[in-house]
>>> print(open('model-v3.cif').read())   # mmCIF, C-alpha atoms, pLDDT in the B column; chains and numbers go by the auth columns
data_start
#
loop_
_atom_site.group_PDB
_atom_site.id
_atom_site.type_symbol
_atom_site.label_atom_id
_atom_site.label_comp_id
_atom_site.label_asym_id
_atom_site.label_seq_id
_atom_site.Cartn_x
_atom_site.Cartn_y
_atom_site.Cartn_z
_atom_site.B_iso_or_equiv
_atom_site.auth_seq_id
_atom_site.auth_asym_id
ATOM 1 C CA SER A 1 16.267 2.309 14.097 50.00 1 A
ATOM 2 C CA GLN A 2 16.115 0.840 10.586 48.00 2 A
ATOM 3 C CA LYS A 3 14.366 -2.512 10.212 52.00 3 A
ATOM 4 C CA GLY A 4 16.355 -5.540 9.133 49.00 4 A
ATOM 5 C CA ARG A 5 17.184 -5.803 5.407 48.00 5 A
ATOM 6 C CA HIS A 6 15.665 -2.376 4.816 46.00 6 A
ATOM 7 C CA ARG A 7 17.684 -2.058 1.600 48.00 7 A
ATOM 8 C CA GLU A 8 16.377 -5.368 0.254 45.00 8 A
ATOM 9 C CA ILE A 9 12.672 -5.572 1.138 55.00 9 A
ATOM 10 C CA GLY A 10 9.945 -3.407 -0.327 57.00 10 A
ATOM 11 C CA ASN A 11 9.533 -1.153 -3.336 67.00 11 A
ATOM 12 C CA TRP A 12 12.289 1.012 -4.788 67.00 12 A
ATOM 13 C CA LEU A 13 10.827 4.272 -3.466 75.00 13 A
ATOM 14 C CA ALA A 14 10.912 2.927 0.084 74.00 14 A
ATOM 15 C CA ARG A 15 14.356 1.307 -0.246 73.00 15 A
ATOM 16 C CA ARG A 16 16.120 4.151 -2.017 74.00 16 A
ATOM 17 C CA VAL A 17 14.374 7.283 -0.786 78.00 17 A
ATOM 18 C CA ALA A 18 11.944 7.032 2.138 73.00 18 A
ATOM 19 C CA ARG A 19 13.830 4.767 4.546 80.00 19 A
ATOM 20 C CA PRO A 20 17.284 6.365 4.189 81.00 20 A
ATOM 21 C CA THR A 21 15.892 9.890 4.633 84.00 21 A
ATOM 22 C CA ALA A 22 13.353 8.947 7.325 83.00 22 A
ATOM 23 C CA VAL A 23 16.182 8.805 9.880 86.00 23 A
ATOM 24 C CA TYR A 24 16.201 12.608 9.886 89.00 24 A
ATOM 25 C CA GLY A 25 12.471 12.704 10.580 89.00 25 A
ATOM 26 C CA THR A 26 12.997 10.129 13.323 88.00 26 A
ATOM 27 C CA TRP A 27 15.666 12.355 14.890 90.00 27 A
ATOM 28 C CA VAL A 28 13.216 15.280 14.954 92.00 28 A
ATOM 29 C CA ALA A 29 10.270 13.204 16.183 91.00 29 A
ATOM 30 C CA VAL A 30 12.253 11.674 19.049 91.00 30 A
ATOM 31 C CA ARG A 31 13.512 15.075 20.195 92.00 31 A
ATOM 32 C CA LEU A 32 9.999 16.490 20.066 93.00 32 A
ATOM 33 C CA GLY A 33 8.842 13.632 22.279 92.00 33 A
ATOM 34 C CA MET A 34 6.474 12.211 19.657 92.00 34 A
ATOM 35 C CA SER A 35 5.307 8.614 19.867 92.00 35 A
ATOM 36 C CA ALA A 36 5.119 6.271 16.876 92.00 36 A
ATOM 37 C CA HIS A 37 1.305 6.433 17.068 93.00 37 A
ATOM 38 C CA GLN A 38 1.413 10.212 16.818 94.00 38 A
ATOM 39 C CA VAL A 39 3.628 10.028 13.726 94.00 39 A
ATOM 40 C CA THR A 40 1.217 7.510 12.147 94.00 40 A
ATOM 41 C CA CYS A 41 -1.694 9.870 12.809 95.00 41 A
ATOM 42 C CA LEU A 42 0.332 12.711 11.287 96.00 42 A
ATOM 43 C CA ALA A 43 0.883 10.562 8.182 95.00 43 A
ATOM 44 C CA LEU A 44 -2.869 9.935 8.010 96.00 44 A
ATOM 45 C CA LEU A 45 -3.580 13.664 8.259 97.00 45 A
ATOM 46 C CA ALA A 46 -1.076 14.355 5.479 97.00 46 A
ATOM 47 C CA SER A 47 -2.716 11.685 3.291 97.00 47 A
ATOM 48 C CA MET A 48 -6.194 13.080 3.894 97.00 48 A
ATOM 49 C CA ALA A 49 -5.005 16.633 3.280 97.00 49 A
ATOM 50 C CA GLY A 50 -3.418 15.493 0.016 97.00 50 A
ATOM 51 C CA ALA A 51 -6.595 13.751 -1.123 97.00 51 A
ATOM 52 C CA LEU A 52 -8.705 16.777 -0.184 97.00 52 A
ATOM 53 C CA ALA A 53 -6.412 19.140 -2.106 97.00 53 A
ATOM 54 C CA ILE A 54 -6.520 16.932 -5.217 97.00 54 A
ATOM 55 C CA GLY A 55 -10.297 16.627 -4.859 97.00 55 A
ATOM 56 C CA THR A 56 -10.719 20.392 -5.205 96.00 56 A
ATOM 57 C CA GLY A 57 -9.684 20.142 -8.844 95.00 57 A
ATOM 58 C CA ASP A 58 -7.532 23.240 -8.468 95.00 58 A
ATOM 59 C CA ARG A 59 -4.186 23.295 -10.258 96.00 59 A
ATOM 60 C CA LEU A 60 -2.143 24.532 -7.304 96.00 60 A
ATOM 61 C CA GLY A 61 -4.223 22.351 -5.012 96.00 61 A
ATOM 62 C CA PHE A 62 -3.219 19.308 -7.052 97.00 62 A
ATOM 63 C CA VAL A 63 0.472 20.153 -6.738 97.00 63 A
ATOM 64 C CA ALA A 64 0.124 20.772 -2.999 97.00 64 A
ATOM 65 C CA GLY A 65 -1.822 17.529 -2.662 97.00 65 A
ATOM 66 C CA VAL A 66 0.882 15.498 -4.385 97.00 66 A
ATOM 67 C CA VAL A 67 3.530 17.043 -2.138 97.00 67 A
ATOM 68 C CA SER A 68 1.401 16.199 0.899 97.00 68 A
ATOM 69 C CA LEU A 69 1.076 12.585 -0.284 96.00 69 A
ATOM 70 C CA PHE A 70 4.840 12.264 -0.624 95.00 70 A
ATOM 71 C CA VAL A 71 5.205 13.647 2.913 95.00 71 A
ATOM 72 C CA ALA A 72 2.670 11.063 4.132 94.00 72 A
ATOM 73 C CA PHE A 73 4.624 8.272 2.431 91.00 73 A
ATOM 74 C CA TRP A 74 7.805 9.505 4.115 91.00 74 A
ATOM 75 C CA LEU A 75 6.138 9.776 7.538 93.00 75 A
ATOM 76 C CA ASP A 76 4.864 6.226 7.112 90.00 76 A
ATOM 77 C CA HIS A 77 8.511 5.152 7.351 86.00 77 A
ATOM 78 C CA VAL A 78 9.333 7.501 10.204 91.00 78 A
ATOM 79 C CA ASP A 79 6.745 5.966 12.549 88.00 79 A
ATOM 80 C CA GLY A 80 8.307 2.498 12.422 87.00 80 A
ATOM 81 C CA GLN A 81 11.771 3.906 13.060 88.00 81 A
ATOM 82 C CA VAL A 82 10.466 5.861 16.053 92.00 82 A
ATOM 83 C CA ALA A 83 8.847 2.699 17.451 90.00 83 A
ATOM 84 C CA ARG A 84 12.093 0.743 17.094 86.00 84 A
ATOM 85 C CA TRP A 85 14.114 3.587 18.620 87.00 85 A
ATOM 86 C CA ARG A 86 11.823 3.780 21.642 87.00 86 A
ATOM 87 C CA GLY A 87 11.368 0.007 21.890 87.00 87 A
ATOM 88 C CA THR A 88 7.590 0.417 21.594 83.00 88 A
ATOM 89 C CA GLU A 89 6.841 -1.863 18.631 87.00 89 A
ATOM 90 C CA THR A 90 3.396 -3.358 19.258 89.00 90 A
ATOM 91 C CA LEU A 91 0.582 -5.009 17.353 90.00 91 A
ATOM 92 C CA SER A 92 -1.494 -1.905 18.101 91.00 92 A
ATOM 93 C CA GLY A 93 0.972 0.134 16.076 90.00 93 A
ATOM 94 C CA VAL A 94 0.798 -2.286 13.152 90.00 94 A
ATOM 95 C CA TYR A 95 -3.006 -2.262 13.370 92.00 95 A
ATOM 96 C CA LEU A 96 -3.116 1.551 13.295 92.00 96 A
ATOM 97 C CA ASP A 97 -0.673 1.629 10.407 92.00 97 A
ATOM 98 C CA TYR A 98 -2.813 -0.740 8.316 92.00 98 A
ATOM 99 C CA LEU A 99 -5.960 1.247 9.058 93.00 99 A
ATOM 100 C CA MET A 100 -4.173 4.404 7.946 93.00 100 A
ATOM 101 C CA HIS A 101 -3.196 2.781 4.640 93.00 101 A
ATOM 102 C CA HIS A 102 -6.725 1.615 3.868 94.00 102 A
ATOM 103 C CA ALA A 103 -8.303 4.970 4.742 95.00 103 A
ATOM 104 C CA ALA A 104 -5.741 6.860 2.654 95.00 104 A
ATOM 105 C CA THR A 105 -6.238 4.510 -0.315 95.00 105 A
ATOM 106 C CA MET A 106 -9.998 5.062 -0.374 95.00 106 A
ATOM 107 C CA ALA A 107 -9.694 8.826 0.031 97.00 107 A
ATOM 108 C CA LEU A 108 -7.149 9.223 -2.761 97.00 108 A
ATOM 109 C CA GLY A 109 -9.057 6.998 -5.176 96.00 109 A
ATOM 110 C CA PHE A 110 -12.232 9.023 -4.742 97.00 110 A
ATOM 111 C CA ALA A 111 -10.340 12.334 -4.917 97.00 111 A
ATOM 112 C CA LEU A 112 -8.866 11.474 -8.327 97.00 112 A
ATOM 113 C CA GLY A 113 -12.351 11.340 -9.800 97.00 113 A
ATOM 114 C CA MET A 114 -13.934 14.049 -7.692 97.00 114 A
ATOM 115 C CA GLY A 115 -11.252 16.544 -8.629 97.00 115 A
ATOM 116 C CA LEU A 116 -12.141 16.201 -12.305 97.00 116 A
ATOM 117 C CA ALA A 117 -15.834 16.586 -11.492 97.00 117 A
ATOM 118 C CA MET A 118 -15.036 19.772 -9.564 96.00 118 A
ATOM 119 C CA ARG A 119 -13.184 21.101 -12.606 94.00 119 A
ATOM 120 C CA GLY A 120 -16.369 20.768 -14.638 91.00 120 A
ATOM 121 C CA GLU A 121 -15.334 17.679 -16.582 93.00 121 A
ATOM 122 C CA GLY A 122 -18.634 15.999 -15.718 92.00 122 A
ATOM 123 C CA ILE A 123 -20.347 14.621 -12.627 94.00 123 A
ATOM 124 C CA GLY A 124 -19.656 11.102 -13.894 95.00 124 A
ATOM 125 C CA TRP A 125 -16.074 11.513 -12.742 96.00 125 A
ATOM 126 C CA ALA A 126 -17.276 11.427 -9.128 96.00 126 A
ATOM 127 C CA ALA A 127 -18.647 7.934 -9.822 96.00 127 A
ATOM 128 C CA ALA A 128 -15.361 7.049 -11.503 96.00 128 A
ATOM 129 C CA GLY A 129 -13.565 8.133 -8.338 97.00 129 A
ATOM 130 C CA GLY A 130 -15.813 5.818 -6.360 96.00 130 A
ATOM 131 C CA GLY A 131 -14.849 2.991 -8.712 96.00 131 A
ATOM 132 C CA ILE A 132 -11.151 3.701 -8.209 97.00 132 A
ATOM 133 C CA ALA A 133 -11.602 3.812 -4.431 97.00 133 A
ATOM 134 C CA VAL A 134 -13.489 0.505 -4.327 96.00 134 A
ATOM 135 C CA GLY A 135 -11.095 -1.245 -6.714 95.00 135 A
ATOM 136 C CA TRP A 136 -7.942 -0.109 -4.929 95.00 136 A
ATOM 137 C CA SER A 137 -9.455 -0.886 -1.525 95.00 137 A
ATOM 138 C CA ILE A 138 -10.358 -4.461 -2.460 94.00 138 A
ATOM 139 C CA LEU A 139 -6.881 -5.015 -3.881 93.00 139 A
ATOM 140 C CA SER A 140 -5.426 -3.608 -0.661 91.00 140 A
ATOM 141 C CA LEU A 141 -7.695 -5.720 1.560 92.00 141 A
ATOM 142 C CA HIS A 142 -7.170 -8.904 -0.449 90.00 142 A
ATOM 143 C CA ASN A 143 -4.334 -10.283 1.686 85.00 143 A
ATOM 144 C CA ASP A 144 -5.659 -8.826 4.954 90.00 144 A
ATOM 145 C CA CYS A 145 -8.930 -10.719 4.577 92.00 145 A
ATOM 146 C CA ARG A 146 -7.062 -13.912 3.734 90.00 146 A
ATOM 147 C CA TYR A 147 -5.006 -13.654 6.914 89.00 147 A
ATOM 148 C CA LYS A 148 -8.118 -12.922 8.957 91.00 148 A
ATOM 149 C CA ALA A 149 -9.542 -16.174 7.583 91.00 149 A
ATOM 150 C CA PHE A 150 -6.377 -17.951 8.778 90.00 150 A
ATOM 151 C CA PHE A 151 -6.935 -16.772 12.332 89.00 151 A
ATOM 152 C CA GLN A 152 -10.607 -17.699 12.242 91.00 152 A
ATOM 153 C CA ARG A 153 -9.537 -21.262 11.550 89.00 153 A
ATOM 154 C CA LEU A 154 -6.718 -21.253 14.107 89.00 154 A
ATOM 155 C CA LYS A 155 -9.054 -20.003 16.850 88.00 155 A
ATOM 156 C CA ARG A 156 -11.450 -22.897 16.402 88.00 156 A
ATOM 157 C CA GLU A 157 -8.872 -25.646 15.770 84.00 157 A
ATOM 158 C CA THR A 158 -7.795 -28.050 18.533 84.00 158 A
ATOM 159 C CA LYS A 159 -4.766 -29.259 16.542 84.00 159 A
ATOM 160 C CA ARG A 160 -1.241 -27.999 17.104 85.00 160 A
ATOM 161 C CA TYR A 161 0.521 -26.216 14.270 85.00 161 A
ATOM 162 C CA ARG A 162 4.121 -25.293 13.558 84.00 162 A
ATOM 163 C CA VAL A 163 4.625 -21.996 11.734 84.00 163 A
ATOM 164 C CA ASP A 164 6.854 -22.577 8.717 76.00 164 A
ATOM 165 C CA GLY A 165 6.638 -19.058 7.328 65.00 165 A
ATOM 166 C CA GLY A 166 7.816 -15.809 8.875 54.00 166 A
ATOM 167 C CA ALA A 167 11.204 -14.362 9.717 49.00 167 A
ATOM 168 C CA GLY A 168 14.576 -15.883 8.997 45.00 168 A
ATOM 169 C CA GLY A 169 16.818 -16.208 5.990 43.00 169 A
ATOM 170 C CA ARG A 170 17.037 -13.832 3.093 45.00 170 A
ATOM 171 C CA PRO A 171 13.921 -12.431 1.470 44.00 171 A
ATOM 172 C CA SER A 172 12.835 -14.292 -1.611 51.00 172 A
ATOM 173 C CA PRO A 173 12.761 -12.197 -4.785 50.00 173 A
ATOM 174 C CA ALA A 174 9.402 -10.852 -5.856 56.00 174 A
ATOM 175 C CA PRO A 175 7.733 -12.880 -8.618 60.00 175 A
ATOM 176 C CA GLY A 176 8.718 -11.606 -12.025 63.00 176 A
ATOM 177 C CA TRP A 177 6.614 -10.844 -15.059 59.00 177 A
ATOM 178 C CA PRO A 178 4.873 -14.117 -16.121 63.00 178 A
ATOM 179 C CA ARG A 179 5.707 -15.292 -19.625 66.00 179 A
ATOM 180 C CA ARG A 180 2.450 -17.059 -20.347 68.00 180 A
ATOM 181 C CA GLY A 181 -1.247 -16.916 -19.633 63.00 181 A
ATOM 182 C CA LEU A 182 -3.339 -14.010 -18.401 67.00 182 A
ATOM 183 C CA GLY A 183 -0.514 -12.970 -16.085 65.00 183 A
ATOM 184 C CA ILE A 184 1.261 -11.372 -19.045 70.00 184 A
ATOM 185 C CA LEU A 185 -1.364 -8.615 -18.839 71.00 185 A
ATOM 186 C CA SER A 186 -2.524 -8.770 -15.206 74.00 186 A
ATOM 187 C CA TRP A 187 0.948 -8.564 -13.618 75.00 187 A
ATOM 188 C CA PRO A 188 1.854 -5.098 -14.987 81.00 188 A
ATOM 189 C CA ALA A 189 -1.731 -3.949 -14.407 85.00 189 A
ATOM 190 C CA LEU A 190 -1.495 -4.909 -10.724 86.00 190 A
ATOM 191 C CA LYS A 191 1.839 -3.108 -10.485 85.00 191 A
ATOM 192 C CA LEU A 192 0.171 0.072 -11.747 88.00 192 A
ATOM 193 C CA CYS A 193 -2.193 -0.074 -8.752 89.00 193 A
ATOM 194 C CA GLU A 194 0.570 -0.381 -6.150 88.00 194 A
ATOM 195 C CA GLY A 195 0.964 2.622 -3.864 87.00 195 A
ATOM 196 C CA HIS A 196 4.493 3.615 -4.832 88.00 196 A
ATOM 197 C CA VAL A 197 3.649 3.441 -8.544 90.00 197 A
ATOM 198 C CA VAL A 198 0.509 5.532 -8.013 94.00 198 A
ATOM 199 C CA LEU A 199 2.593 8.071 -6.106 93.00 199 A
ATOM 200 C CA THR A 200 5.186 8.171 -8.885 93.00 200 A
ATOM 201 C CA VAL A 201 2.506 8.762 -11.534 95.00 201 A
ATOM 202 C CA LEU A 202 0.965 11.524 -9.425 96.00 202 A
ATOM 203 C CA GLY A 203 4.408 13.068 -9.077 96.00 203 A
ATOM 204 C CA VAL A 204 4.722 13.193 -12.869 96.00 204 A
ATOM 205 C CA LEU A 205 1.235 14.734 -13.135 97.00 205 A
ATOM 206 C CA GLY A 206 2.215 17.272 -10.476 97.00 206 A
ATOM 207 C CA VAL A 207 5.194 18.354 -12.583 97.00 207 A
ATOM 208 C CA ALA A 208 2.900 18.566 -15.625 97.00 208 A
ATOM 209 C CA ALA A 209 0.521 20.773 -13.621 96.00 209 A
ATOM 210 C CA VAL A 210 3.356 23.218 -13.025 96.00 210 A
ATOM 211 C CA LEU A 211 4.557 23.217 -16.638 96.00 211 A
ATOM 212 C CA ASP A 212 1.462 22.900 -18.827 95.00 212 A
ATOM 213 C CA GLU A 213 -2.150 22.959 -17.649 94.00 213 A
ATOM 214 C CA ARG A 214 -3.608 21.279 -20.743 95.00 214 A
ATOM 215 C CA LEU A 215 -1.079 18.445 -20.574 96.00 215 A
ATOM 216 C CA TRP A 216 -1.811 18.006 -16.868 96.00 216 A
ATOM 217 C CA VAL A 217 -5.591 17.792 -17.330 96.00 217 A
ATOM 218 C CA ALA A 218 -5.249 15.404 -20.280 97.00 218 A
ATOM 219 C CA GLY A 219 -2.903 13.177 -18.297 97.00 219 A
ATOM 220 C CA TRP A 220 -5.169 13.266 -15.259 97.00 220 A
ATOM 221 C CA ILE A 221 -8.232 12.307 -17.320 97.00 221 A
ATOM 222 C CA MET A 222 -6.337 9.465 -18.986 96.00 222 A
ATOM 223 C CA TYR A 223 -4.983 8.137 -15.685 96.00 223 A
ATOM 224 C CA ALA A 224 -8.230 8.431 -13.695 96.00 224 A
ATOM 225 C CA GLY A 225 -10.243 6.896 -16.529 96.00 225 A
ATOM 226 C CA GLY A 226 -7.832 4.003 -16.821 95.00 226 A
ATOM 227 C CA MET A 227 -7.856 3.355 -13.087 96.00 227 A
ATOM 228 C CA ALA A 228 -11.667 3.603 -12.888 96.00 228 A
ATOM 229 C CA LEU A 229 -11.781 0.636 -15.256 95.00 229 A
ATOM 230 C CA LEU A 230 -8.637 -1.221 -14.226 93.00 230 A
ATOM 231 C CA GLY A 231 -9.050 -1.098 -10.441 94.00 231 A
ATOM 232 C CA PRO A 232 -12.488 -2.775 -10.152 95.00 232 A
ATOM 233 C CA VAL A 233 -11.744 -5.309 -12.911 94.00 233 A
ATOM 234 C CA LEU A 234 -8.488 -6.388 -11.260 93.00 234 A
ATOM 235 C CA ALA A 235 -10.124 -6.508 -7.836 94.00 235 A
ATOM 236 C CA VAL A 236 -12.961 -8.766 -9.006 94.00 236 A
ATOM 237 C CA GLY A 237 -10.567 -10.911 -11.015 91.00 237 A
ATOM 238 C CA ARG A 238 -8.125 -11.375 -8.165 90.00 238 A
ATOM 239 C CA VAL A 239 -10.828 -12.314 -5.668 93.00 239 A
ATOM 240 C CA ALA A 240 -12.463 -14.716 -8.147 93.00 240 A
ATOM 241 C CA ARG A 241 -9.108 -16.351 -8.914 90.00 241 A
ATOM 242 C CA SER A 242 -8.309 -16.755 -5.227 91.00 242 A
ATOM 243 C CA VAL A 243 -11.667 -18.388 -4.471 93.00 243 A
ATOM 244 C CA ARG A 244 -11.713 -20.577 -7.582 93.00 244 A
ATOM 245 C CA ARG A 245 -8.212 -21.947 -7.019 91.00 245 A
ATOM 246 C CA GLY A 246 -8.459 -22.220 -3.246 92.00 246 A
ATOM 247 C CA LEU A 247 -5.391 -20.037 -2.767 90.00 247 A
ATOM 248 C CA ALA A 248 -6.257 -19.264 0.865 90.00 248 A
ATOM 249 C CA GLU A 249 -6.154 -22.987 1.688 91.00 249 A
ATOM 250 C CA GLU A 250 -2.929 -23.347 -0.245 89.00 250 A
ATOM 251 C CA GLU A 251 -1.198 -20.526 1.598 88.00 251 A
ATOM 252 C CA PHE A 252 -2.495 -21.713 4.979 88.00 252 A
ATOM 253 C CA ALA A 253 -1.014 -25.147 4.310 86.00 253 A
ATOM 254 C CA ALA A 254 2.312 -23.557 3.358 84.00 254 A
ATOM 255 C CA TRP A 255 2.495 -21.464 6.553 86.00 255 A
ATOM 256 C CA PHE A 256 1.008 -23.802 9.159 86.00 256 A
ATOM 257 C CA ARG A 257 2.003 -27.457 9.433 85.00 257 A
ATOM 258 C CA GLU A 258 0.179 -29.769 11.782 83.00 258 A
ATOM 259 C CA THR A 259 2.420 -31.231 14.468 83.00 259 A
ATOM 260 C CA ARG A 260 1.816 -33.913 17.067 74.00 260 A
ATOM 261 C CA ASP A 261 4.473 -32.592 19.460 62.00 261 A
ATOM 262 C CA ALA A 262 3.343 -32.460 23.083 52.00 262 A
#
>>> encode(input="model-v3.cif", output="structure tokens")
Amino acid sequence: SQKGRHREIGNWLARRVARPTAVYGTWVAVRLGMSAHQVTCLALLASMAGALAIGTGDRLGFVAGVVSLFVAFWLDHVDGQVARWRGTETLSGVYLDYLMHHAATMALGFALGMGLAMRGEGIGWAAAGGGIAVGWSILSLHNDCRYKAFFQRLKRETKRYRVDGGAGGRPSPAPGWPRRGLGILSWPALKLCEGHVVLTVLGVLGVAAVLDERLWVAGWIMYAGGMALLGPVLAVGRVARSVRRGLAEEEFAAWFRETRDA
């Protein structure tokens, strides 16, 4: 029930932890008669519960919230395995999965600020949470909106196209850290906003919450404050760069080649 090249594609947390262990969750889900959609909805509930617990600002709530978020991340890999096991992979499942990711991203971003406001650190942290949520959401939607633009063009075109992208061959390595230009700073900053990195940081803060309350609060304030600034700035910068350089047109041309075949 594992997808092809599951040890090669994706972030380290998915490759090394979530996918290998998700087979046990798949075994349970299949024997309980659960569908892939039901597992996806369970992952969404776990994500929302985690965000809500963090948003309370309570120390134990934060730890429970982080645990819930890790469970959601794990379930997000169980649903695909269940779909492959049952032979029920559909676009509806992919659609639901993407919606779940976007909803969870917004909820967690807001909760990181709201939790500090609830602890009495200042109502301004609620606004900071809103900034994190908006920044992360735009970064998450960046590619989705580009691909929607592709289909808007394809629906109105009368030309025939050959798809040059997609499956086949070995996955190309992810772009490395640029050695020149603004990318020297923006590349690691973007990495800090990726879901698995966020989850790892929250895991470290969760351990700090168990060991030392002052260290936990200080780390939380530092992280939320940094993300409240970094998220929106990166989001605006990435969108502006894409529009200015015509990157949507460039990627469309790389994926779809006009053909005159009958």
>>> closest_residue(input="model-v3.cif", among="A:Thr56, A:Gln152, A:Asn143, A:Ser47", to="Leu108 (chain A)", atoms="all atoms listed in the file")
A:Ser47
>>> residues_around(input="model-v3.cif", residues="Gly130 (chain A)", least_positions_apart="5", cutoff="9 Å", atoms="only C-alpha atoms", output="PDB file with C-alpha atoms, in the frame of the given file")
ATOM      1  CA  MET A 106      -9.998   5.062  -0.374  1.00 95.00           C
ATOM      2  CA  GLY A 109      -9.057   6.998  -5.176  1.00 96.00           C
ATOM      3  CA  PHE A 110     -12.232   9.023  -4.742  1.00 97.00           C
ATOM      4  CA  ALA A 111     -10.340  12.334  -4.917  1.00 97.00           C
ATOM      5  CA  GLY A 113     -12.351  11.340  -9.800  1.00 97.00           C
ATOM      6  CA  MET A 114     -13.934  14.049  -7.692  1.00 97.00           C
ATOM      7  CA  TRP A 125     -16.074  11.513 -12.742  1.00 96.00           C
ATOM      8  CA  GLY A 135     -11.095  -1.245  -6.714  1.00 95.00           C
ATOM      9  CA  ALA A 228     -11.667   3.603 -12.888  1.00 96.00           C
TER      10      ALA A 228
END
>>> resolve_selection(input="model-v3.cif", expression="the PyMOL selection byres ((chain A and resi 236) around 12)", output="list in words")
Gly131, Val134, Gly135, Trp136, Ser137, Ile138, Leu139, His142, Leu229, Leu230, Gly231, Pro232, Val233, Leu234, Ala235, Gly237, Arg238, Val239, Ala240, Arg241, Ser242, Val243 and Arg244 of chain A
>>> atom_distance(input="model-v3.cif", atom1="CA of Val197 (chain A)", atom2="CA of Ser68 (chain A)")
16.0 Å
>>> closest_residue(input="model-v3.cif", among="A:His37, A:Arg31, A:Lys191, A:Arg245", to="Met100 (chain A)", atoms="only C-alpha atoms")
A:His37
>>> closest_residue(input="model-v3.cif", among="A:Leu44, A:Val198, A:Leu52, A:Ala29", to="Val71 (chain A)", atoms="all atoms listed in the file")
A:Leu44
>>> residues_around(input="model-v3.cif", residues="Trp220 (chain A)", least_positions_apart="3", cutoff="10 Å", atoms="all atoms listed in the file", output="PyMOL selection string")
chain A and resi 112-113+115-116+201-202+205-206+208-209+214-217+223-226
>>> closest_residue(input="model-v3.cif", among="A:Asp58, A:Glu250, A:Asp76, A:Glu194", to="Val23 (chain A)", atoms="only C-alpha atoms")
A:Asp76
